[in-house]
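S.K.: This is the content of input.csv (CSV, C-alpha atoms):
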```
chain,number,residue,atom,x,y,z
A,1156,MET,CA,-70.5,55.1,362.9
A,1157,GLY,CA,-68.3,57.3,360.8
A,1158,LYS,CA,-68.7,58.1,357.1
A,1159,SER,CA,-66.8,55.9,354.7
A,1160,LYS,CA,-64.5,57.7,352.2
A,1161,LYS,CA,-65.4,57.4,348.5
A,1162,PRO,CA,-62.6,56.0,346.3
A,1163,PHE,CA,-60.7,58.9,344.6
A,1164,TYR,CA,-61.9,57.8,341.1
A,1165,LYS,CA,-65.5,58.4,342.2
A,1166,LYS,CA,-64.8,62.0,343.1
A,1167,TRP,CA,-65.8,64.7,340.6
A,1168,TRP,CA,-62.5,66.6,340.6
A,1169,PHE,CA,-60.7,63.4,339.5
A,1170,TRP,CA,-62.6,63.2,336.3
A,1171,VAL,CA,-62.1,66.9,335.6
A,1172,ILE,CA,-58.3,66.4,335.8
A,1173,VAL,CA,-58.5,63.3,333.5
A,1174,ILE,CA,-60.5,65.3,330.9
A,1175,ILE,CA,-57.9,68.2,331.1
A,1176,ILE,CA,-55.0,65.7,330.6
A,1177,ILE,CA,-56.7,64.1,327.6
A,1178,ILE,CA,-57.4,67.5,326.0
A,1179,VAL,CA,-53.7,68.6,326.6
A,1180,LEU,CA,-52.4,65.3,325.1
A,1181,THR,CA,-54.7,65.5,322.1
A,1182,THR,CA,-53.8,69.2,321.4
A,1183,GLY,CA,-50.1,68.6,321.9
A,1184,GLY,CA,-50.0,65.7,319.4
A,1185,GLY,CA,-51.8,67.7,316.8
A,1186,ASP,CA,-49.3,70.5,317.2
A,1187,GLU,CA,-46.4,68.1,316.8
A,1188,ASP,CA,-47.9,66.6,313.7
A,1189,ALA,CA,-48.5,70.1,312.3
A,1190,THR,CA,-44.9,71.0,313.1
A,1191,ASN,CA,-43.6,67.8,311.4
A,1192,ASP,CA,-45.8,68.5,308.4
A,1193,THR,CA,-44.6,72.0,308.2
A,1194,ALA,CA,-40.9,70.9,308.4
A,1195,THR,CA,-41.6,68.3,305.7
A,1196,ASP,CA,-43.2,70.8,303.4
A,1197,GLN,CA,-40.3,73.2,303.9
A,1198,THR,CA,-37.7,70.5,303.2
A,1199,THR,CA,-39.7,69.5,300.1
A,1200,ASN,CA,-39.9,73.1,298.9
A,1201,LYS,CA,-36.2,73.6,299.5
A,1202,THR,CA,-35.4,70.5,297.5
A,1203,ASP,CA,-37.7,71.6,294.7
A,1204,ASP,CA,-36.1,75.1,294.7
A,1205,THR,CA,-32.6,73.6,294.5
A,1206,THR,CA,-33.6,71.3,291.6
A,1207,THR,CA,-35.4,74.2,289.8
A,1208,SER,CA,-32.4,76.5,290.2
A,1209,ASP,CA,-29.9,73.9,288.9
A,1210,LYS,CA,-32.0,73.0,285.8
A,1211,PRO,CA,-31.7,76.4,284.0
A,1212,THR,CA,-27.9,76.4,284.6
A,1213,GLU,CA,-27.6,72.9,283.1
A,1214,GLU,CA,-29.8,73.9,280.1
A,1215,LYS,CA,-27.7,77.1,279.7
A,1216,GLU,CA,-24.4,75.2,279.6
A,1217,GLU,CA,-25.9,72.7,277.1
A,1218,THR,CA,-27.2,75.5,274.9
A,1219,LYS,CA,-23.8,77.2,275.0
A,1220,LYS,CA,-22.0,74.0,273.9
A,1221,LYS,CA,-24.5,73.4,271.1
A,1222,ASP,CA,-24.5,77.0,269.9
A,1223,ASP,CA,-20.7,77.3,269.9
A,1224,GLY,CA,-20.2,74.5,267.3
A,1225,LYS,CA,-16.4,74.8,267.4
A,1226,ILE,CA,-14.3,71.8,266.4
A,1227,LYS,CA,-10.8,71.7,267.7
A,1228,SER,CA,-7.7,70.7,265.8
A,1229,GLY,CA,-7.3,66.9,265.3
A,1230,THR,CA,-8.2,64.0,263.1
A,1231,TYR,CA,-11.8,63.1,262.6
A,1232,LYS,CA,-13.6,60.2,260.9
A,1233,VAL,CA,-16.4,61.6,258.9
A,1234,GLY,CA,-19.7,59.9,259.7
A,1235,THR,CA,-18.4,58.8,263.1
A,1236,ASP,CA,-16.8,61.8,264.8
A,1237,ILE,CA,-18.4,64.5,262.7
A,1238,PRO,CA,-21.3,64.4,260.1
A,1239,ALA,CA,-20.6,64.6,256.4
A,1240,GLY,CA,-21.1,68.0,255.0
A,1241,GLU,CA,-19.5,71.4,254.3
A,1242,TYR,CA,-17.3,73.1,256.9
A,1243,ILE,CA,-15.1,76.2,257.2
A,1244,VAL,CA,-11.6,75.9,258.7
A,1245,PHE,CA,-10.0,78.9,260.3
A,1246,ALA,CA,-6.2,79.1,260.6
A,1247,LYS,CA,-4.9,80.3,263.9
A,1248,GLY,CA,-1.3,79.8,262.8
A,1249,TYR,CA,0.3,77.9,259.9
A,1250,THR,CA,-2.5,75.4,259.4
A,1251,TYR,CA,-2.3,72.2,257.5
A,1252,ILE,CA,-5.5,70.5,256.3
A,1253,GLU,CA,-5.8,67.0,254.8
A,1254,SER,CA,-8.6,64.6,253.8
A,1255,SER,CA,-7.8,60.9,253.3
A,1256,LYS,CA,-9.7,57.9,252.2
A,1257,ASP,CA,-8.3,55.8,255.1
A,1258,SER,CA,-6.1,56.0,258.2
A,1259,SER,CA,-3.0,54.3,256.7
A,1260,GLY,CA,-1.1,57.6,256.4
A,1261,ALA,CA,0.0,56.6,252.9
A,1262,LEU,CA,0.6,59.3,250.3
A,1263,GLU,CA,-1.8,57.7,247.8
A,1264,SER,CA,-4.6,57.8,250.4
A,1265,ILE,CA,-4.7,61.6,250.4
A,1266,ILE,CA,-7.8,63.0,248.7
A,1267,PHE,CA,-6.7,66.6,249.1
A,1268,ASN,CA,-4.5,68.8,251.3
A,1269,ASP,CA,-3.6,72.4,251.7
A,1270,ASN,CA,-1.6,74.9,253.8
A,1271,LEU,CA,-3.3,77.9,255.2
A,1272,SER,CA,-1.5,81.1,256.4
A,1273,LYS,CA,-2.4,82.6,259.7
A,1274,GLY,CA,-5.8,84.3,259.6
A,1275,ALA,CA,-6.9,82.5,256.4
A,1276,ASN,CA,-9.9,80.2,256.0
A,1277,SER,CA,-10.9,77.4,253.7
A,1278,TYR,CA,-14.2,75.7,252.9
A,1279,VAL,CA,-14.1,71.9,252.8
A,1280,THR,CA,-16.7,69.3,251.8
A,1281,LEU,CA,-16.3,66.0,253.6
A,1282,LYS,CA,-17.9,62.7,252.8
A,1283,ASP,CA,-18.7,59.6,255.0
A,1284,GLY,CA,-15.7,57.3,255.5
A,1285,GLU,CA,-13.1,60.0,254.9
A,1286,TYR,CA,-10.5,61.0,257.5
A,1287,PHE,CA,-10.0,64.7,257.9
A,1288,LYS,CA,-7.0,66.2,259.7
A,1289,PHE,CA,-6.2,69.8,260.5
A,1290,GLN,CA,-3.6,71.4,262.8
A,1291,ASP,CA,-3.4,74.7,264.6
A,1292,GLY,CA,-6.9,75.9,263.7
A,1293,GLU,CA,-10.6,75.5,264.4
A,1294,MET,CA,-13.5,74.3,262.3
A,1295,TYR,CA,-17.2,74.9,262.1
A,1296,ALA,CA,-20.1,73.5,260.1
A,1297,VAL,CA,-21.1,76.2,257.6
A,1298,ASP,CA,-24.4,77.0,259.3
A,1299,GLN,CA,-22.5,77.7,262.6
A,1300,ALA,CA,-19.4,79.3,261.3
A,1301,PRO,CA,-18.5,83.0,262.0
A,1302,SER,CA,-18.7,85.2,258.9
A,1303,VAL,CA,-15.6,85.5,256.7
A,1304,ILE,CA,-16.7,88.8,255.2
A,1305,PRO,CA,-14.0,91.3,256.1
A,1306,GLU,CA,-15.1,94.3,258.1
A,1307,ASP,CA,-12.8,96.6,256.1
A,1308,ASN,CA,-14.0,95.2,252.7
A,1309,VAL,CA,-10.6,94.0,251.8
A,1310,TYR,CA,-10.5,90.3,251.0
A,1311,THR,CA,-7.1,88.7,251.7
A,1312,ASP,CA,-5.8,85.1,251.9
A,1313,GLY,CA,-8.7,82.7,252.2
A,1314,MET,CA,-11.6,81.0,250.4
A,1315,TYR,CA,-14.9,82.7,249.7
A,1316,LYS,CA,-18.2,81.5,248.4
A,1317,ILE,CA,-19.6,83.8,245.7
A,1318,GLY,CA,-23.1,85.0,246.4
A,1319,LYS,CA,-22.6,84.4,250.2
A,1320,ASP,CA,-19.3,86.0,251.2
A,1321,LEU,CA,-18.7,88.0,248.0
A,1322,PRO,CA,-21.2,89.2,245.4
A,1323,ALA,CA,-20.9,87.9,241.9
A,1324,GLY,CA,-19.2,90.2,239.4
A,1325,GLU,CA,-15.9,91.5,238.1
A,1326,TYR,CA,-13.1,92.3,240.5
A,1327,LYS,CA,-9.6,93.7,240.4
A,1328,ILE,CA,-7.1,91.4,241.9
A,1329,THR,CA,-4.1,93.2,243.4
A,1330,LEU,CA,-0.8,91.6,244.1
A,1331,GLY,CA,0.2,92.1,247.7
A,1332,THR,CA,2.8,94.7,248.5
A,1333,ASP,CA,5.0,92.0,250.2
A,1334,SER,CA,4.4,89.4,247.5
A,1335,GLU,CA,6.3,88.8,244.3
A,1336,LEU,CA,3.9,86.0,243.3
A,1337,GLY,CA,0.3,85.5,244.2
A,1338,TYR,CA,-2.3,82.9,243.3
A,1339,TYR,CA,-6.1,82.8,242.7
A,1340,GLU,CA,-8.3,79.8,242.0
A,1341,VAL,CA,-12.0,79.6,241.1
A,1342,SER,CA,-13.8,76.2,241.7
A,1343,LYS,CA,-17.2,74.8,241.3
A,1344,SER,CA,-17.3,73.3,244.8
A,1345,SER,CA,-15.3,73.0,248.1
A,1346,SER,CA,-14.2,69.4,247.5
A,1347,HIS,CA,-10.7,70.6,246.4
A,1348,GLN,CA,-10.6,68.3,243.4
A,1349,LEU,CA,-8.7,69.2,240.2
A,1350,GLU,CA,-11.7,68.6,238.0
A,1351,ASP,CA,-13.7,71.2,239.9
A,1352,ILE,CA,-11.3,74.0,239.1
A,1353,VAL,CA,-12.8,76.5,236.7
A,1354,THR,CA,-9.8,78.7,236.4
A,1355,ASN,CA,-6.6,79.5,238.3
A,1356,GLU,CA,-3.5,81.7,237.8
A,1357,ASN,CA,-0.2,82.6,239.4
A,1358,VAL,CA,-0.4,86.4,239.7
A,1359,GLN,CA,2.7,88.5,239.1
A,1360,ALA,CA,0.9,91.8,238.5
A,1361,ASP,CA,-2.6,93.2,239.1
A,1362,THR,CA,-5.4,91.6,237.0
A,1363,TYR,CA,-9.1,91.3,236.7
A,1364,LEU,CA,-11.5,88.3,237.4
A,1365,THR,CA,-15.2,87.7,236.9
A,1366,VAL,CA,-16.9,85.2,239.3
A,1367,SER,CA,-20.4,83.8,239.4
A,1368,ASP,CA,-22.8,82.7,242.2
A,1369,GLY,CA,-22.1,79.3,243.7
A,1370,GLN,CA,-18.4,79.4,242.8
A,1371,TYR,CA,-15.6,79.4,245.3
A,1372,LEU,CA,-12.7,81.9,245.1
A,1373,LYS,CA,-9.4,81.1,246.7
A,1374,LEU,CA,-6.8,83.9,247.3
A,1375,GLN,CA,-3.2,83.7,248.3
A,1376,GLY,CA,-0.8,86.6,248.3
A,1377,VAL,CA,-3.4,88.8,246.5
A,1378,THR,CA,-6.3,91.0,247.7
A,1379,ILE,CA,-9.7,92.2,246.4
A,1380,ASN,CA,-10.8,95.6,247.6
A,1381,THR,CA,-14.6,96.2,247.4
A,1382,LYS,CA,-14.7,99.6,249.0
```
Translate this file's structure into structure tokens.
M.R.:
Amino acid sequence: MGKSKKPFYKKWWFWVIVIIIIIVLTTGGGDEDATNDTATDQTTNKTDDTTTSDKPTEEKEETKKKDDGKIKSGTYKVGTDIPAGEYIVFAKGYTYIESSKDSSGALESIIFNDNLSKGANSYVTLKDGEYFKFQDGEMYAVDQAPSVIPEDNVYTDGMYKIGKDLPAGEYKITLGTDSELGYYEVSKSSSHQLEDIVTNENVQADTYLTVSDGQYLKLQGVTINTK
């Protein structure tokens, strides 16, 4: 009688093959998971890097806007568009400034107005509820404004705060060579009100003037040389 064959699943080599297959499958799955985890980490890191690199740029732009502080020509409602306070207007051309108590455009609504020649400047104090208009210029809050102190020490058309832009003391006011008539005005504030004027004069020849700390000196068609 011949020997009967054992079923293949009872042979030793069958189980060796099964064990090898299980090991391969287990190892392969782990590698795939590791690969997926690595890819996920790389994607996350890339996203984080992008976010991090964008953030300084945004902060830099925001800082630039904040530090600039320039207010363009236009009409602004004080307390709504701009805060109440003191500002400096710089004329880029023939600049007109006007503060009004309402937006009616009526002559009687004007609180003060002035015309600035190209390159001149003017301090203004604005209160809540007023409407301030200026054309062909730029404006800054006083704490953000460029200096108005002339590099050549010759003060020309403009408005200067004594003790800040020009030291207190006595100065010779010289009529401009191209002017037949000049003007100076000393005020207690930058509100541009008649009652704040300390002294003023239409200048037809050179003269002298003494100014004190806290006052505002306005020059038109005249100069002060502090060299």
S.K.: Leaving out stretch 1333-1338 of chain A and any residue of its chain fewer than 3 positions from it, which residues lie within 6 Å of it when counting only C-alpha atoms, given as a ChimeraX atom specification?
M.R.: /A:1356-1359,1375-1377
S.K.: Kindly indicate which residue among A:Lys1373, A:Lys1273, A:Lys1282, A:Lys1232 lies nearest to A:Asp1320, using only C-alpha atoms for the distances.
M.R.: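 Answer, going by the shortest atom-to-atom distance: A:Lys1373.
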S.K.: As an exercise, work out the distance from atom CA of A:Tyr1363 to atom CA of A:Thr1329 in Å and give it to one decimal place.
M.R.: 8.6 Å
S.K.: Take atom CA of A:Ala1323 and atom CA of A:Ala1300 and report the distance between them in Å, one decimal.
M.R.: 21.3 Å
S.K.: Between atom CA of A:Asn1380 and atom CA of A:Thr1250, what is the distance, to one decimal in Å?
M.R.: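 These atoms are spaced 24.8 Å apart.
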S.K.: Which is closest to A:Gln1290 among A:Thr1235, A:Asn1270, A:Ser1367, A:Ser1277, if we use all atoms listed in the file?
M.R.: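 Nearest candidate to A:Gln1290 out of A:Thr1235, A:Asn1270, A:Ser1367, A:Ser1277: A:Asn1270.
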S.K.: If we count all atoms listed in the file, what is near A:Asp1368 at a cut-off of 12 Å, once residues fewer than 5 positions away on the same chain are taken out, given as a VMD selection string?
M.R.: chain A and resid 1315 to 1325 1341 to 1344
S.K.: Contacts between stretch 1254-1267 of chain A and stretch 1307-1354 of chain A, please, where a residue of stretch 1307-1354 of chain A counts if it comes within 10 Å (with all atoms listed in the file); show its shortest atom pair and distance in Å to one decimal, rows by chain and ascending number, as a Markdown table.
M.R.:
```
| residue | atom | partner | partner_atom | distance |
| --- | --- | --- | --- | --- |
| A:Ser1346 | CA | A:Phe1267 | CA | 8.2 |
| A:His1347 | CA | A:Phe1267 | CA | 6.3 |
| A:Gln1348 | CA | A:Phe1267 | CA | 7.1 |
| A:Leu1349 | CA | A:Phe1267 | CA | 9.5 |
```
S.K.: Using only C-alpha atoms, which of A:Asp1283, A:Asn1355, A:Glu1293, A:Asp1236 sits nearest A:Tyr1251?
M.R.: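 Result for the nearest residue to A:Tyr1251: A:Glu1293.
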S.K.: Which one is closest to A:Tyr1249: A:Val1303, A:Val1233, A:Leu1271, A:Leu1330? Count only C-alpha atoms.
M.R.: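 Among A:Val1303, A:Val1233, A:Leu1271, A:Leu1330, it is A:Leu1271 that comes nearest to A:Tyr1249.
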S.K.: For a quick check of understanding, using all atoms listed in the file, which of A:Asp1269, A:Pro1238, A:Met1314, A:Ile1379 has the smallest distance to A:Gly1284?
M.R.: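 The closest residue to A:Gly1284 is A:Pro1238.
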S.K.: Ranking A:Glu1241, A:Glu1340, A:Glu1306, A:Glu1285 by minimum distance to A:Leu1374 and counting all atoms listed in the file, which one comes first?
M.R.: A:Glu1340
S.K.: May I have the residues within 12 Å of A:Asp1291 as a list in words, using only C-alpha atoms and disregarding those fewer than 2 positions away in the same chain?
M.R.: Ile1226, Lys1227, Ser1228, Gly1229, Thr1230, Val1244, Phe1245, Ala1246, Lys1247, Gly1248, Tyr1249, Thr1250, Tyr1251, Ile1252, Asn1270, Leu1271, Ser1272, Lys1273, Gly1274, Ala1275, Lys1288, Phe1289, Glu1293 and Met1294 of chain A
